[in-house]
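Engineer: What follows is structure10.cif; its format and atoms are mmCIF, N, CA and C atoms.
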```cif
data_work
loop_
_atom_site.label_atom_id
_atom_site.label_comp_id
_atom_site.auth_asym_id
_atom_site.auth_seq_id
_atom_site.Cartn_x
_atom_site.Cartn_y
_atom_site.Cartn_z
N MET A 247 -8.20 -10.18 9.66
CA MET A 247 -9.15 -9.10 9.87
C MET A 247 -9.28 -8.20 8.65
N PRO A 248 -8.19 -7.73 7.99
CA PRO A 248 -8.36 -6.93 6.78
C PRO A 248 -9.18 -7.68 5.75
N GLY A 249 -10.04 -6.93 5.07
CA GLY A 249 -10.90 -7.52 4.06
C GLY A 249 -12.26 -7.86 4.63
N ALA A 250 -12.33 -8.29 5.90
CA ALA A 250 -13.61 -8.64 6.49
C ALA A 250 -14.30 -7.43 7.09
N SER A 251 -13.55 -6.53 7.72
CA SER A 251 -14.18 -5.42 8.42
C SER A 251 -13.80 -4.05 7.86
N TYR A 252 -12.84 -4.00 7.00
CA TYR A 252 -12.46 -2.80 6.27
C TYR A 252 -11.60 -3.27 5.12
N ARG A 253 -11.22 -2.39 4.21
CA ARG A 253 -10.52 -2.83 3.00
C ARG A 253 -9.06 -3.22 3.25
N GLY A 254 -8.48 -2.80 4.36
CA GLY A 254 -7.12 -3.20 4.68
C GLY A 254 -6.19 -2.04 4.90
N ASP A 255 -4.94 -2.39 5.20
CA ASP A 255 -3.90 -1.39 5.44
C ASP A 255 -3.19 -1.07 4.13
N VAL A 256 -2.80 0.19 3.98
CA VAL A 256 -2.04 0.63 2.82
C VAL A 256 -0.84 1.45 3.30
N THR A 257 0.14 1.57 2.44
CA THR A 257 1.29 2.41 2.73
C THR A 257 0.91 3.87 2.53
N VAL A 258 1.74 4.76 3.06
CA VAL A 258 1.50 6.18 2.83
C VAL A 258 1.63 6.51 1.35
N GLU A 259 2.54 5.84 0.67
CA GLU A 259 2.74 6.10 -0.77
C GLU A 259 1.52 5.68 -1.58
N ALA A 260 0.93 4.53 -1.24
CA ALA A 260 -0.27 4.07 -1.95
C ALA A 260 -1.44 5.01 -1.69
N ALA A 261 -1.59 5.46 -0.45
CA ALA A 261 -2.65 6.40 -0.12
C ALA A 261 -2.45 7.71 -0.87
N TRP A 262 -1.23 8.22 -0.89
CA TRP A 262 -0.92 9.47 -1.59
C TRP A 262 -1.27 9.35 -3.07
N ALA A 263 -0.90 8.24 -3.69
CA ALA A 263 -1.18 8.03 -5.11
C ALA A 263 -2.69 8.01 -5.37
N ALA A 264 -3.43 7.31 -4.53
CA ALA A 264 -4.89 7.24 -4.70
C ALA A 264 -5.55 8.60 -4.46
N LEU A 265 -5.07 9.32 -3.46
CA LEU A 265 -5.64 10.65 -3.17
C LEU A 265 -5.43 11.59 -4.36
N GLY A 266 -4.33 11.42 -5.08
CA GLY A 266 -4.07 12.23 -6.26
C GLY A 266 -4.82 11.78 -7.49
N ALA A 267 -5.02 10.48 -7.62
CA ALA A 267 -5.63 9.91 -8.83
C ALA A 267 -7.15 9.87 -8.79
N GLU A 268 -7.71 9.73 -7.61
CA GLU A 268 -9.17 9.58 -7.48
C GLU A 268 -9.78 10.89 -6.98
N PRO A 269 -10.59 11.53 -7.82
CA PRO A 269 -11.17 12.83 -7.43
C PRO A 269 -11.94 12.81 -6.11
N ASP A 270 -12.63 11.70 -5.80
CA ASP A 270 -13.44 11.64 -4.58
C ASP A 270 -12.72 11.01 -3.40
N ALA A 271 -11.49 10.58 -3.56
CA ALA A 271 -10.75 9.97 -2.44
C ALA A 271 -10.52 11.03 -1.36
N VAL A 272 -10.63 10.59 -0.11
CA VAL A 272 -10.55 11.51 1.03
C VAL A 272 -9.58 10.98 2.08
N LEU A 273 -8.81 11.89 2.67
CA LEU A 273 -7.95 11.57 3.80
C LEU A 273 -8.65 12.04 5.07
N ILE A 274 -8.76 11.13 6.05
CA ILE A 274 -9.43 11.45 7.31
C ILE A 274 -8.41 11.26 8.43
N ASP A 275 -8.02 12.36 9.06
CA ASP A 275 -7.04 12.35 10.14
C ASP A 275 -7.80 12.24 11.46
N VAL A 276 -7.57 11.14 12.18
CA VAL A 276 -8.34 10.86 13.39
C VAL A 276 -7.55 11.12 14.68
N ARG A 277 -6.40 11.78 14.57
CA ARG A 277 -5.62 12.10 15.77
C ARG A 277 -6.34 13.18 16.58
N THR A 278 -5.75 13.59 17.67
CA THR A 278 -6.37 14.59 18.54
C THR A 278 -6.02 16.01 18.09
N GLU A 279 -6.80 16.95 18.58
CA GLU A 279 -6.50 18.36 18.28
C GLU A 279 -5.09 18.73 18.72
N ALA A 280 -4.66 18.19 19.85
CA ALA A 280 -3.30 18.48 20.34
C ALA A 280 -2.26 17.98 19.33
N GLU A 281 -2.46 16.79 18.77
CA GLU A 281 -1.52 16.27 17.78
C GLU A 281 -1.51 17.13 16.52
N TRP A 282 -2.69 17.54 16.07
CA TRP A 282 -2.75 18.39 14.88
C TRP A 282 -1.98 19.68 15.12
N ALA A 283 -2.16 20.26 16.30
CA ALA A 283 -1.55 21.56 16.61
C ALA A 283 -0.04 21.45 16.82
N TYR A 284 0.41 20.42 17.52
CA TYR A 284 1.82 20.37 17.92
C TYR A 284 2.71 19.47 17.07
N VAL A 285 2.13 18.47 16.41
CA VAL A 285 2.93 17.55 15.60
C VAL A 285 2.88 17.92 14.13
N GLY A 286 1.72 18.41 13.68
CA GLY A 286 1.55 18.79 12.28
C GLY A 286 0.43 18.00 11.63
N VAL A 287 0.08 18.42 10.42
CA VAL A 287 -1.02 17.78 9.69
C VAL A 287 -0.60 17.52 8.24
N PRO A 288 -1.15 16.46 7.65
CA PRO A 288 -0.87 16.20 6.24
C PRO A 288 -1.47 17.31 5.37
N SER A 289 -0.80 17.62 4.29
CA SER A 289 -1.29 18.62 3.35
C SER A 289 -1.62 17.94 2.02
N LEU A 290 -2.79 18.26 1.50
CA LEU A 290 -3.21 17.77 0.19
C LEU A 290 -3.38 18.92 -0.79
N ASP A 291 -2.74 20.05 -0.49
CA ASP A 291 -2.85 21.23 -1.35
C ASP A 291 -2.52 20.93 -2.80
N GLU A 292 -1.56 20.05 -3.02
CA GLU A 292 -1.14 19.70 -4.38
C GLU A 292 -2.31 19.14 -5.21
N PHE A 293 -3.29 18.55 -4.52
CA PHE A 293 -4.44 17.97 -5.20
C PHE A 293 -5.69 18.85 -5.09
N GLY A 294 -5.55 20.02 -4.48
CA GLY A 294 -6.71 20.89 -4.29
C GLY A 294 -7.71 20.31 -3.30
N LYS A 295 -7.21 19.54 -2.35
CA LYS A 295 -8.06 18.89 -1.36
C LYS A 295 -7.64 19.30 0.05
N THR A 296 -8.56 19.08 0.98
CA THR A 296 -8.30 19.31 2.39
C THR A 296 -8.68 18.05 3.15
N PRO A 297 -7.82 17.56 4.03
CA PRO A 297 -8.21 16.39 4.84
C PRO A 297 -9.41 16.72 5.73
N ILE A 298 -10.08 15.70 6.16
CA ILE A 298 -11.11 15.82 7.19
C ILE A 298 -10.42 15.55 8.52
N PHE A 299 -10.70 16.37 9.51
CA PHE A 299 -10.10 16.22 10.84
C PHE A 299 -11.21 15.94 11.85
N ILE A 300 -11.28 14.69 12.32
CA ILE A 300 -12.24 14.29 13.35
C ILE A 300 -11.50 13.36 14.31
N GLU A 301 -11.45 13.72 15.58
CA GLU A 301 -10.80 12.88 16.58
C GLU A 301 -11.54 11.55 16.73
N TRP A 302 -10.79 10.45 16.73
CA TRP A 302 -11.36 9.14 17.05
C TRP A 302 -11.50 9.03 18.57
N GLN A 303 -10.45 9.38 19.27
CA GLN A 303 -10.46 9.40 20.73
C GLN A 303 -10.18 10.81 21.19
N MET A 304 -10.97 11.25 22.15
CA MET A 304 -10.84 12.63 22.60
C MET A 304 -9.71 12.77 23.62
N PHE A 305 -9.00 13.88 23.51
CA PHE A 305 -7.93 14.20 24.44
C PHE A 305 -8.51 15.04 25.57
N PRO A 306 -8.20 14.83 26.81
CA PRO A 306 -7.20 13.91 27.34
C PRO A 306 -7.79 12.58 27.83
N THR A 307 -9.12 12.39 27.71
CA THR A 307 -9.76 11.22 28.32
C THR A 307 -9.49 9.91 27.57
N GLY A 308 -9.30 9.99 26.26
CA GLY A 308 -9.13 8.79 25.46
C GLY A 308 -10.45 8.12 25.09
N ASP A 309 -11.57 8.75 25.47
CA ASP A 309 -12.87 8.20 25.12
C ASP A 309 -13.09 8.29 23.61
N VAL A 310 -13.67 7.23 23.04
CA VAL A 310 -14.00 7.24 21.61
C VAL A 310 -15.13 8.24 21.40
N LYS A 311 -14.98 9.06 20.37
CA LYS A 311 -15.96 10.09 20.06
C LYS A 311 -17.30 9.45 19.70
N GLN A 312 -18.35 9.92 20.34
CA GLN A 312 -19.70 9.44 20.08
C GLN A 312 -20.06 9.66 18.62
N ASP A 313 -20.68 8.68 18.00
CA ASP A 313 -21.17 8.72 16.62
C ASP A 313 -20.09 9.18 15.63
N PHE A 314 -18.90 8.63 15.78
CA PHE A 314 -17.80 8.98 14.88
C PHE A 314 -18.21 8.77 13.42
N ALA A 315 -18.79 7.60 13.12
CA ALA A 315 -19.17 7.30 11.73
C ALA A 315 -20.19 8.32 11.21
N GLY A 316 -21.10 8.74 12.05
CA GLY A 316 -22.08 9.75 11.65
C GLY A 316 -21.44 11.10 11.37
N LEU A 317 -20.43 11.45 12.15
CA LEU A 317 -19.70 12.71 11.92
C LEU A 317 -18.94 12.66 10.59
N VAL A 318 -18.33 11.49 10.31
CA VAL A 318 -17.63 11.33 9.03
C VAL A 318 -18.63 11.43 7.89
N GLN A 319 -19.76 10.75 8.02
CA GLN A 319 -20.78 10.80 6.97
C GLN A 319 -21.24 12.22 6.71
N ALA A 320 -21.47 13.00 7.75
CA ALA A 320 -21.91 14.38 7.58
C ALA A 320 -20.86 15.21 6.84
N GLU A 321 -19.59 15.03 7.18
CA GLU A 321 -18.50 15.75 6.49
C GLU A 321 -18.44 15.36 5.01
N LEU A 322 -18.59 14.07 4.74
CA LEU A 322 -18.54 13.60 3.35
C LEU A 322 -19.73 14.13 2.56
N GLU A 323 -20.91 14.10 3.15
CA GLU A 323 -22.10 14.62 2.48
C GLU A 323 -21.93 16.10 2.16
N GLU A 324 -21.35 16.84 3.10
CA GLU A 324 -21.12 18.28 2.89
C GLU A 324 -20.20 18.51 1.69
N ARG A 325 -19.29 17.57 1.45
CA ARG A 325 -18.35 17.68 0.32
C ARG A 325 -18.89 17.01 -0.95
N GLY A 326 -20.07 16.40 -0.86
CA GLY A 326 -20.64 15.72 -2.01
C GLY A 326 -19.96 14.41 -2.34
N ILE A 327 -19.41 13.76 -1.33
CA ILE A 327 -18.69 12.50 -1.50
C ILE A 327 -19.62 11.34 -1.14
N GLY A 328 -19.73 10.35 -2.03
CA GLY A 328 -20.62 9.21 -1.82
C GLY A 328 -19.99 8.07 -1.04
N ARG A 329 -20.79 7.07 -0.77
CA ARG A 329 -20.39 5.92 0.05
C ARG A 329 -19.39 5.00 -0.64
N GLU A 330 -19.18 5.12 -1.93
CA GLU A 330 -18.25 4.25 -2.65
C GLU A 330 -16.84 4.86 -2.75
N ALA A 331 -16.67 6.10 -2.32
CA ALA A 331 -15.37 6.77 -2.42
C ALA A 331 -14.33 6.05 -1.55
N SER A 332 -13.09 6.17 -1.95
CA SER A 332 -11.98 5.62 -1.14
C SER A 332 -11.70 6.57 0.01
N LEU A 333 -11.76 6.04 1.23
CA LEU A 333 -11.51 6.83 2.44
C LEU A 333 -10.25 6.29 3.10
N PHE A 334 -9.29 7.17 3.31
CA PHE A 334 -8.00 6.79 3.89
C PHE A 334 -7.89 7.40 5.28
N PHE A 335 -7.79 6.55 6.29
CA PHE A 335 -7.74 6.99 7.67
C PHE A 335 -6.30 6.97 8.16
N ILE A 336 -5.91 8.04 8.88
CA ILE A 336 -4.55 8.15 9.39
C ILE A 336 -4.57 8.62 10.85
N CYS A 337 -3.65 8.07 11.64
CA CYS A 337 -3.41 8.54 13.00
C CYS A 337 -1.91 8.59 13.18
N ARG A 338 -1.42 8.54 14.39
CA ARG A 338 0.02 8.61 14.63
C ARG A 338 0.74 7.40 14.05
N SER A 339 0.23 6.19 14.37
CA SER A 339 0.96 4.98 13.98
C SER A 339 0.11 3.87 13.37
N GLY A 340 -1.16 4.13 13.14
CA GLY A 340 -2.01 3.16 12.46
C GLY A 340 -2.98 2.38 13.32
N SER A 341 -2.98 2.57 14.62
CA SER A 341 -3.87 1.81 15.49
C SER A 341 -5.26 2.44 15.58
N ARG A 342 -5.33 3.71 15.96
CA ARG A 342 -6.63 4.38 16.05
C ARG A 342 -7.30 4.46 14.69
N SER A 343 -6.50 4.71 13.65
CA SER A 343 -7.08 4.84 12.31
C SER A 343 -7.66 3.51 11.83
N ARG A 344 -7.08 2.40 12.24
CA ARG A 344 -7.66 1.09 11.90
C ARG A 344 -9.03 0.95 12.54
N SER A 345 -9.13 1.29 13.82
CA SER A 345 -10.43 1.23 14.51
C SER A 345 -11.45 2.15 13.85
N ALA A 346 -11.02 3.33 13.44
CA ALA A 346 -11.91 4.27 12.77
C ALA A 346 -12.38 3.72 11.43
N ALA A 347 -11.48 3.12 10.66
CA ALA A 347 -11.84 2.53 9.37
C ALA A 347 -12.86 1.42 9.55
N ILE A 348 -12.69 0.61 10.58
CA ILE A 348 -13.64 -0.46 10.87
C ILE A 348 -15.01 0.12 11.20
N ALA A 349 -15.04 1.16 12.04
CA ALA A 349 -16.31 1.77 12.45
C ALA A 349 -17.04 2.39 11.26
N VAL A 350 -16.31 3.06 10.38
CA VAL A 350 -16.96 3.71 9.23
C VAL A 350 -17.40 2.68 8.20
N THR A 351 -16.65 1.59 8.07
CA THR A 351 -17.10 0.49 7.21
C THR A 351 -18.42 -0.06 7.74
N ALA A 352 -18.50 -0.27 9.05
CA ALA A 352 -19.73 -0.76 9.67
C ALA A 352 -20.88 0.23 9.46
N GLY A 353 -20.54 1.50 9.26
CA GLY A 353 -21.54 2.53 9.01
C GLY A 353 -22.00 2.58 7.56
N GLY A 354 -21.50 1.67 6.73
CA GLY A 354 -22.01 1.56 5.37
C GLY A 354 -21.12 2.10 4.26
N PHE A 355 -19.86 2.42 4.58
CA PHE A 355 -18.94 2.90 3.55
C PHE A 355 -18.09 1.73 3.08
N ALA A 356 -17.97 1.56 1.76
CA ALA A 356 -17.40 0.35 1.19
C ALA A 356 -15.88 0.32 1.11
N ASN A 357 -15.25 1.47 1.01
CA ASN A 357 -13.82 1.49 0.70
C ASN A 357 -13.01 2.26 1.73
N CYS A 358 -12.96 1.72 2.93
CA CYS A 358 -12.21 2.34 4.03
C CYS A 358 -10.86 1.65 4.17
N PHE A 359 -9.79 2.44 4.13
CA PHE A 359 -8.43 1.94 4.23
C PHE A 359 -7.73 2.58 5.42
N ASN A 360 -6.86 1.82 6.05
CA ASN A 360 -6.03 2.33 7.13
C ASN A 360 -4.63 2.58 6.59
N ILE A 361 -4.10 3.77 6.83
CA ILE A 361 -2.72 4.06 6.46
C ILE A 361 -1.86 3.49 7.59
N GLY A 362 -1.35 2.27 7.34
CA GLY A 362 -0.68 1.45 8.35
C GLY A 362 0.40 2.14 9.16
N PRO A 363 1.37 2.78 8.54
CA PRO A 363 2.42 3.38 9.37
C PRO A 363 2.01 4.70 10.00
N GLY A 364 0.90 5.28 9.58
CA GLY A 364 0.42 6.52 10.18
C GLY A 364 1.24 7.75 9.80
N PHE A 365 1.01 8.82 10.55
CA PHE A 365 1.67 10.09 10.29
C PHE A 365 3.12 10.08 10.76
N GLU A 366 3.36 9.45 11.92
CA GLU A 366 4.71 9.45 12.51
C GLU A 366 5.40 8.10 12.48
N GLY A 367 4.67 7.01 12.22
CA GLY A 367 5.27 5.69 12.16
C GLY A 367 5.60 5.11 13.53
N PRO A 368 6.18 3.92 13.53
CA PRO A 368 6.50 3.25 14.80
C PRO A 368 7.73 3.86 15.47
N LEU A 369 7.94 3.43 16.69
CA LEU A 369 9.13 3.86 17.43
C LEU A 369 10.37 3.21 16.84
N ASN A 370 11.48 3.94 16.83
CA ASN A 370 12.76 3.35 16.41
C ASN A 370 13.47 2.79 17.65
N GLY A 371 14.71 2.37 17.51
CA GLY A 371 15.46 1.79 18.61
C GLY A 371 15.67 2.74 19.77
N ASP A 372 15.63 4.04 19.50
CA ASP A 372 15.79 5.04 20.56
C ASP A 372 14.44 5.50 21.11
N ARG A 373 13.36 4.84 20.67
CA ARG A 373 11.99 5.15 21.08
C ARG A 373 11.53 6.52 20.59
N HIS A 374 11.94 6.86 19.37
CA HIS A 374 11.52 8.10 18.71
C HIS A 374 10.66 7.77 17.50
N ARG A 375 9.65 8.56 17.26
CA ARG A 375 8.83 8.41 16.06
C ARG A 375 9.38 9.32 14.96
N SER A 376 8.78 9.23 13.79
CA SER A 376 9.18 10.03 12.61
C SER A 376 10.61 9.72 12.19
N ALA A 377 11.02 8.46 12.39
CA ALA A 377 12.37 8.06 12.00
C ALA A 377 12.38 6.79 11.15
N VAL A 378 11.33 5.96 11.26
CA VAL A 378 11.30 4.66 10.59
C VAL A 378 10.43 4.70 9.35
N SER A 379 9.19 5.10 9.51
CA SER A 379 8.24 5.15 8.39
C SER A 379 7.11 6.09 8.77
N GLY A 380 6.19 6.28 7.86
CA GLY A 380 5.06 7.18 8.10
C GLY A 380 5.05 8.31 7.10
N TRP A 381 4.00 9.12 7.18
CA TRP A 381 3.78 10.24 6.26
C TRP A 381 4.98 11.18 6.21
N ARG A 382 5.45 11.59 7.39
CA ARG A 382 6.56 12.55 7.44
C ARG A 382 7.86 11.95 6.92
N VAL A 383 8.17 10.72 7.30
CA VAL A 383 9.39 10.07 6.88
C VAL A 383 9.40 9.88 5.36
N ALA A 384 8.22 9.63 4.78
CA ALA A 384 8.13 9.45 3.32
C ALA A 384 8.32 10.75 2.57
N GLY A 385 8.39 11.87 3.28
CA GLY A 385 8.59 13.15 2.65
C GLY A 385 7.34 13.72 2.00
N LEU A 386 6.18 13.24 2.41
CA LEU A 386 4.93 13.76 1.87
C LEU A 386 4.62 15.12 2.51
N PRO A 387 3.86 15.95 1.82
CA PRO A 387 3.61 17.31 2.33
C PRO A 387 2.87 17.32 3.66
N TRP A 388 3.31 18.22 4.52
CA TRP A 388 2.64 18.42 5.80
C TRP A 388 2.97 19.83 6.28
N SER A 389 2.18 20.29 7.24
CA SER A 389 2.44 21.62 7.79
C SER A 389 2.24 21.57 9.30
N GLN A 390 2.76 22.61 9.94
CA GLN A 390 2.70 22.71 11.38
C GLN A 390 2.35 24.15 11.73
N THR A 391 1.54 24.32 12.78
CA THR A 391 1.17 25.68 13.18
C THR A 391 2.13 26.22 14.21
#
```
Render the structure in this file as structure tokens.

Structural biologist:
Amino acid sequence: MPGASYRGDVTVEAAWAALGAEPDAVLIDVRTEAEWAYVGVPSLDEFGKTPIFIEWQMFPTGDVKQDFAGLVQAELEERGIGREASLFFICRSGSRSRSAAIAVTAGGFANCFNIGPGFEGPLNGDRHRSAVSGWRVAGLPWSQT
């Protein structure tokens, strides 16, 4: 599937490096408002950037947000970001963000990547997240309200 419907999965470290190196690269967090508020959000302050926050699935229903790709396009246009920019999608563990990357690719954006381990990564042996891999485990900047 990677390569055919989106550019593929990347590590958090690869996404971080690209977000720092590419002026137009964008991080798009597709988790829910509840996750942003209670779990935390990635910070790109070091690069003078702000992630885009658009829910892929709405809480608590789980319904996919209508015209998600159109909402992303509007946010990118507002920032002056073109269709060739690298777009990095992140969710809790990489599943929703993969679906979002596929949808935005279908909407005409060429370089959509899924951050495979996500913000919190997979469950460990004790069924806890933020212990195996992901944005937080990698020690990348994040904040919590």

Engineer: Run through the PyMOL selection byres ((chain A and resi 279-283) around 7) on the given coordinates and return the selected residues as a PyMOL selection string.

Structural biologist: chain A and resi 277-278+284-287+301+305+390-391

Engineer: Out of A:Leu317, A:Ile361, A:Met304, A:Ile298, which residue has the shortest atom-to-atom distance to Ala261 (chain A) when counting all atoms listed in the file?

Structural biologist: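 Checking each of A:Leu317, A:Ile361, A:Met304, A:Ile298 against Ala261 (chain A), counting all atoms listed in the file, the winner is A:Ile361.
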
Engineer: Would you mind telling me which residue in A:Pro269, A:Ala377, A:Ile348, A:Ala331 lies nearest to Trp302 (chain A) when using only C-alpha atoms?

Structural biologist: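 The shortest atom-to-atom distance to Trp302 (chain A) comes from A:Ile348.
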
Engineer: Counting all atoms listed in the file, figure out which residue out of A:Val258, A:Leu386, A:Val378, A:Leu333 gets nearest to Phe359 (chain A).

Structural biologist: A:Leu333

Engineer: Go ahead and compute the interatomic distance for atom C of Gly354 (chain A) and atom C of Glu259 (chain A), in Å to one decimal.

Structural biologist: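 These two atoms are separated by 23.7 Å.
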
Engineer: Let me know the centre plus edge lengths, in Å and rounded to one decimal, of a box with edges along x, y and z that contains all listed atoms of region 255-261 of chain A and is padded by 6 Å on every side, as JSON.

Structural biologist:
```
{"center_x": -1.1, "center_y": 2.7, "center_z": 1.7, "size_x": 19.7, "size_y": 22.1, "size_z": 19.4}
```

Engineer: So how many Å separate atom C of Pro288 (chain A) and atom C of Glu321 (chain A), to one decimal?

Structural biologist: 17.1 Å

Engineer: Just list the residues in region 279-362 of chain A DSSP gives strand (DSSP E or B) on the backbone, as a list in words.

Structural biologist: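 Of region 279-362 of chain A, the ones in strand (DSSP E or B) are Val287, Pro288, Ile298, Phe299, Gln303, Val310, Ser332, Leu333, Phe334, Phe335, Ile336, Asn357, Cys358, Phe359, Asn360 and Ile361 of chain A.
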
Engineer: Closest to Val256 (chain A) among A:Gly362, A:Gly308, A:Pro368, A:Gly326, using all atoms listed in the file?

Structural biologist: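 For Val256 (chain A), the nearest of the given residues is A:Gly362.
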
Engineer: Excluding Gly294 (chain A) and residues on its chain fewer than 3 positions from it, collect all residues at most 10 Å away from it, counting only C-alpha atoms, and give them as a list in words.

Structural biologist: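 With the cut-off at 10 Å, the set is Gly266, Pro269, Ser289, Leu290 and Asp291 of chain A.
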